[in-house]
Structure formats: structure tokens, C-alpha cells
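Student: Sharing a structure here in C-alpha cells format.
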Amino acid sequence: MVKLNFTVDENYLLAHTLYYEFARPYAGNEAVRMLQTKAKRPISRVPSKCLYFRAEDILGLPFEKLPIDIQHLSRELVPTKEFRNVLHETQDFKAEVESEWLSNYNDGSRLMKQITKLDIRNREFTVYITHPSLSNGRYAGKGRICWGTRPPQSWPGNGSYVTVYMYHEVYHGILSQNDAKVGIVENKKVPHALIELATDNELRVRMNGGAYPPLVGHSENDNAIRAIENWMLPHWKRYLLDDGEHILAFDERMRRRFLKEQSRMLQ
Ligand SMILES: [Zn+2]
């Protein structure tokens, strides 16, 4: 059974909350809006390139290893009540996520083992939690998951959102071990489509009931991923019925097959 360590990294939380002020301004949450307002002046004093850093680059770094501009921002803003409010709401959210993950832990790992035919008992990931109003969800490499979002209105069924998406991010990590083997950079969307079939759809339906298609997934607006999912669906249904192939082998086979059929598909 996979082990997830949930944590809040204060410097990353600050960077992520401020980064979004520029990447995607958001005023829907009062604490976030107040921190972004408070940060306007300190941010104007650091070179503009500091505003465009990728927040994940600083995940888990000790203070003295942070880029100097981030150190300045952290020193000035982390002690403020505006940051403490965002931190407090983020810690409450972390408790929510952790308790949903743990309450579904046995079901989730049993079902994922059936779906993937893979034992990932010895795998460990760190989940860096950010404020839930800033829709964060990505695998940042090296066993690091960034997470801060709640289920959309359209999420079918009750619960299971955290379990489904934690496994979604975990499998970005697991399937990435095929990258070097298959040696293909340009079809990254094939494993992503597979992850959506395995977690957003198969795991969701096994936990909540219902059926697919229609397909559900965070890549709703990514037409290429959706097209690949539809292409993969009949292979996927056959894979589920066959005990002989695990998900890593299936992923490899699909990546190779997609490359062959790609030109035909895109015509
Ligand atoms: Zn994904």
C-alpha cells in the first residue's frame, strides 16, 4: 500500500499563493485576496523575474537554499497575520484531505491493485498542500505531489475525490518510469490518458458506482488527451479483463502502438 505524507511547506505555500496573483488572479477567497494585496508592495521591490518562478522549484528546500528573492518575500510575509490566515485555512484543508484519504485507504488500495495489477506497497510520496481556492493539482517529479483543490460541482457521486486524484498523481510518478524505457517524449499524453481512464474513471466508478463513458477528468479541456482516451478505451476494457498484463506493461504497449497509429489518427 502506497504511503502518502501530507505536509504544508510555508515557503512553497507563500510562493504558490503569490504566483497565482500573476498567473491567474483570484479574489474568491478573502484570506487569499488579503495576502495577495498585502504582497503587492514587497513584490514590487524584487526583480520581476522572481514573479515568474515555478513555485515547485522550491518544494521542500530549507530557507537558506531558497532563491534570494524568495527569501526576502518569505522573511517579510510569512510572519504577517495575512499569511497566517492563509496558512490556517490550508492546514484545515490538509486535515480534511488526510482524513478522506485515510478513511478510504483500504478500499482505495484494494481497488487500485485490482485495476493496475501492481503492488506499490513500498512506494512513498510527499503531498504538498496549498490553499484549496487556487486549484492546484500536479505531480512535480521525484515523488512530490502538489495538491490544493476541492471537487467541482460536476463531480459525480459522493466522496472519493481525494482518493481518485491522489492515485491520479501517484500514477504520474509510477508510469514515468516508462519514459526512459520507451524513450518517447512527444507522447506524454498517452500515459496521462491512461491515468485518467484508470483513476478519474475506473477507480471513481468502482468507488461511487455509475458508469463511463461519458469520461470524467481534469483534462476536460485538453482535446488531445480526450481523443487519446477514446482511442484507448477498447484496449483498456480488454486490459481490465486480462489478468496477465499489469498497467506498466499496458502503458508501454499503448505508447508504442500510439506512435505507430498516431499519424493515421490525426488525419
Ligand atoms: Zn494528470
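Each chain of the C-alpha cells is named A, B, ... in the order shown, its residues numbered from 1; ligands are numbered from 1 in display order.
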With only C-alpha atoms as the counted atoms, please give the residues lying no more than 9 Å from A:Glu124, apart from itself and same-chain residues fewer than 6 positions off, as an MDAnalysis selection string.
Tutor: chainID A and resid 2:5 143
Student: Within 8 Å of stretch 144-152 of chain A, counting only C-alpha atoms, which residues show up once you throw out same-chain ones fewer than 4 positions away? Write them as a PyMOL selection string, please.
Tutor: chain A and resi 125-140+161+169-170
Student: Those residues with C-alpha atoms, as a short mmCIF file (atom, residue, chain, number, x, y, z; two decimals), in the first residue's frame please?
Tutor:
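Now in result09.cif:
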```
data_model
loop_
_atom_site.label_atom_id
_atom_site.label_comp_id
_atom_site.auth_asym_id
_atom_site.auth_seq_id
_atom_site.Cartn_x
_atom_site.Cartn_y
_atom_site.Cartn_z
CA PHE A 125 5.13 10.23 -1.85
CA THR A 126 5.05 13.64 -0.21
CA VAL A 127 1.92 15.71 -0.77
CA TYR A 128 2.48 19.46 -0.53
CA ILE A 129 -0.85 21.05 0.30
CA THR A 130 -1.76 24.55 -0.92
CA HIS A 131 -4.83 26.73 -0.40
CA PRO A 132 -7.94 24.94 -1.75
CA SER A 133 -9.23 28.02 -3.58
CA LEU A 134 -6.29 28.06 -6.02
CA SER A 135 -6.97 24.78 -7.84
CA ASN A 136 -3.57 23.12 -7.63
CA GLY A 137 -3.06 19.53 -8.69
CA ARG A 138 0.10 18.20 -10.26
CA TYR A 139 2.89 15.70 -9.99
CA ALA A 140 6.12 17.64 -9.54
CA TYR A 161 -12.44 12.73 -4.87
CA GLU A 169 -0.92 11.96 -9.18
CA VAL A 170 0.77 8.86 -7.75
#
```
Student: Write out as a ChimeraX atom specification which residues come within 8 Å of stretch 117-123 of chain A when counting only C-alpha atoms, dropping same-chain ones fewer than 6 positions away.
Tutor: /A:1-3,243,245-247
Student: Please produce a file of the residues just selected, as a short mmCIF file (atom, residue, chain, number, x, y, z; two decimals), in the first residue's frame, where the atoms kept are C-alpha atoms.
Tutor:
```cif
data_model
loop_
_atom_site.label_atom_id
_atom_site.label_comp_id
_atom_site.auth_asym_id
_atom_site.auth_seq_id
_atom_site.Cartn_x
_atom_site.Cartn_y
_atom_site.Cartn_z
CA MET A 1 0.00 0.00 0.00
CA VAL A 2 1.35 3.33 -1.03
CA LYS A 3 2.27 5.77 1.71
CA ASP A 243 -5.03 -10.72 -15.53
CA GLU A 245 -0.75 -7.71 -18.07
CA HIS A 246 -0.09 -5.05 -15.45
CA ILE A 247 -0.53 -1.33 -16.02
#
```
Student: Show me, as JSON, numbers by chain, the residues that have an atom within 9 Å of A:Glu100 when counting only C-alpha atoms, minus same-chain residues fewer than 5 positions from it.
Tutor: {"A": [95, 105, 159, 160, 161, 162, 163]}
Student: Dump as a tab-separated table the rows for residues of chain A within 10 Å of ligand 1: closest atom pair and distance in Å with one decimal, only C-alpha atoms and all ligand atoms counted, ordered by chain and rising residue number.
Tutor:
```
residue	atom	partner	partner_atom_place_in_ligand_line	distance
A:Gly137	CA	ligand 1	1 (Zn)	7.7
A:Arg138	CA	ligand 1	1 (Zn)	6.3
A:Tyr139	CA	ligand 1	1 (Zn)	7.3
A:Tyr165	CA	ligand 1	1 (Zn)	8.5
A:Tyr167	CA	ligand 1	1 (Zn)	9.9
A:His168	CA	ligand 1	1 (Zn)	6.2
A:Glu169	CA	ligand 1	1 (Zn)	6.2
A:Val170	CA	ligand 1	1 (Zn)	9.5
A:Tyr171	CA	ligand 1	1 (Zn)	8.7
A:His172	CA	ligand 1	1 (Zn)	6.7
A:Lys189	CA	ligand 1	1 (Zn)	9.3
A:Pro191	CA	ligand 1	1 (Zn)	9.1
A:His192	CA	ligand 1	1 (Zn)	5.8
A:Ala193	CA	ligand 1	1 (Zn)	8.4
A:Leu194	CA	ligand 1	1 (Zn)	9.8
A:Ile195	CA	ligand 1	1 (Zn)	7.1
A:Glu196	CA	ligand 1	1 (Zn)	7.3
A:Thr199	CA	ligand 1	1 (Zn)	10.0
A:Asp200	CA	ligand 1	1 (Zn)	9.6
A:Gly217	CA	ligand 1	1 (Zn)	8.6
A:His218	CA	ligand 1	1 (Zn)	7.1
A:Ser219	CA	ligand 1	1 (Zn)	7.4
```
Student: Which value, in Å to one decimal, gives the distance between atom CA of A:Ala227 and atom CA of A:Leu241?
Tutor: 22.6 Å
Student: Grab the atom CA of A:Asn187 to atom CA of A:Asp242 distance for me, in Å with one decimal place.
Tutor: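 Separation between atom CA of A:Asn187 and atom CA of A:Asp242: 24.8 Å.
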Student: Going by DSSP on the backbone, which residues of stretch 39-187 of chain A come out as helix (DSSP H, G or I)? List them as a ChimeraX atom specification.
Tutor: /A:40-44,48-52,55-58,63-65,68-77,81-103,105-116,132-134,161-175,177-182
Student: Just the strand (DSSP E) stuff from stretch 35-153 of chain A, please, per backbone DSSP, written as an NGL selection string.
Tutor: :A and (124-129 or 136-139 or 144-148)
Student: Store the residues picked out above, limited to N, CA and C atoms, as a CSV table (one decimal), in the first residue's frame.
Tutor:
```csv
chain,number,residue,atom,x,y,z
A,124,GLU,N,6.5,5.7,-1.7
A,124,GLU,CA,6.2,6.7,-0.7
A,124,GLU,C,6.2,8.1,-1.5
A,125,PHE,N,5.2,8.9,-1.2
A,125,PHE,CA,5.1,10.2,-1.9
A,125,PHE,C,4.9,11.3,-0.8
A,126,THR,N,5.4,12.5,-1.1
A,126,THR,CA,5.1,13.6,-0.2
A,126,THR,C,4.0,14.5,-0.9
A,127,VAL,N,3.0,14.9,-0.2
A,127,VAL,CA,1.9,15.7,-0.8
A,127,VAL,C,2.0,17.1,-0.2
A,128,TYR,N,2.4,18.1,-1.0
A,128,TYR,CA,2.5,19.5,-0.5
A,128,TYR,C,1.1,20.1,-0.7
A,129,ILE,N,0.5,20.5,0.4
A,129,ILE,CA,-0.9,21.1,0.3
A,129,ILE,C,-0.8,22.6,0.2
A,136,ASN,N,-4.9,23.7,-7.4
A,136,ASN,CA,-3.6,23.1,-7.6
A,136,ASN,C,-3.7,21.6,-7.7
A,137,GLY,N,-3.1,21.0,-8.6
A,137,GLY,CA,-3.1,19.5,-8.7
A,137,GLY,C,-2.1,19.1,-9.7
A,138,ARG,N,-0.9,18.7,-9.3
A,138,ARG,CA,0.1,18.2,-10.3
A,138,ARG,C,1.1,17.3,-9.6
A,139,TYR,N,1.8,16.5,-10.5
A,139,TYR,CA,2.9,15.7,-10.0
A,139,TYR,C,4.2,16.5,-10.3
A,144,ARG,N,7.0,13.9,-5.5
A,144,ARG,CA,6.4,15.1,-4.9
A,144,ARG,C,5.0,15.4,-5.6
A,145,ILE,N,4.0,15.5,-4.8
A,145,ILE,CA,2.7,15.8,-5.4
A,145,ILE,C,2.3,17.2,-4.8
A,146,CYS,N,1.7,18.1,-5.6
A,146,CYS,CA,1.2,19.3,-5.2
A,146,CYS,C,-0.3,19.3,-5.3
A,147,TRP,N,-1.0,19.7,-4.2
A,147,TRP,CA,-2.4,19.5,-4.2
A,147,TRP,C,-3.1,20.6,-3.4
A,148,GLY,N,-4.2,21.2,-4.0
A,148,GLY,CA,-5.0,22.2,-3.3
A,148,GLY,C,-6.2,22.5,-4.1
```
Student: Which residue gives the smallest distance to A:Pro42 among A:His16, A:Arg256, A:Arg75, A:Arg226, with only C-alpha atoms counted?
Tutor: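 So, comparing all the options, the nearest one is A:Arg75.
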Student: Under the rule that only C-alpha atoms are counted, which of A:Val164, A:Asn201, A:Lys188, A:Gln262 is the nearest residue to A:Gly108?
Tutor: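 Among A:Val164, A:Asn201, A:Lys188, A:Gln262, it is A:Val164 that comes nearest to A:Gly108.
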Student: Set the distance at 12 Å and use only C-alpha atoms: which residues neighbour A:Asp57 once local chain neighbours fewer than 4 positions away are removed? I'd like the list as a PyMOL selection string.
Tutor: chain A and resi 11-12+15-16+52-53+61+65-67+70+140-142+144+146
Student: Kindly save the residues from that selection, with C-alpha atoms included, as a tab-separated table (two decimals), in the first residue's frame.
Tutor:
```tsv
chain	number	residue	atom	x	y	z
A	11	ASN	CA	7.62	28.96	1.66
A	12	TYR	CA	6.02	26.97	-1.14
A	15	ALA	CA	5.14	31.31	-3.40
A	16	HIS	CA	2.21	29.39	-4.83
A	52	TYR	CA	7.64	34.06	-12.80
A	53	PHE	CA	9.46	31.34	-10.90
A	61	LEU	CA	14.02	23.46	0.29
A	65	LYS	CA	18.66	27.21	-0.10
A	66	LEU	CA	15.79	29.38	-1.40
A	67	PRO	CA	16.48	31.91	-4.17
A	70	ILE	CA	12.01	34.33	-2.26
A	140	ALA	CA	6.12	17.64	-9.54
A	141	GLY	CA	8.54	14.73	-10.05
A	142	LYS	CA	10.77	12.95	-7.51
A	144	ARG	CA	6.35	15.05	-4.91
A	146	CYS	CA	1.19	19.34	-5.17
```
Student: Quick one: residues within 12 Å of A:Lys81, only C-alpha atoms counted, chain neighbours fewer than 6 positions away excluded, as a PyMOL selection string?
Tutor: chain A and resi 31-32+34-35+38+87-88
Student: Of the residues A:Thr7, A:Glu56, A:Leu77, A:Phe258, which is the one nearest to A:Glu98, using only C-alpha atoms?
Tutor: A:Thr7
Student: Which neighbours of stretch 210-215 of chain A fall inside 10 Å, counting only C-alpha atoms, when residues of the same chain fewer than 2 positions from it are skipped, and could you give them as a list of chain:residue names?
Tutor: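 Using only C-alpha atoms, the neighbours found are A:Pro156, A:Gly157, A:Glu196, A:Leu197, A:Asp200, A:Asn201, A:Glu202, A:Arg204, A:Val205, A:Arg206, A:Met207, A:Asn208, A:Gly217, A:Glu220, A:Arg226, A:Glu229, A:Asn230, A:Leu233.
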Student: As an exercise, work out the distance from atom CA of A:Val8 to atom CA of A:Leu203 in Å and give it to one decimal place.
Tutor: 27.0 Å
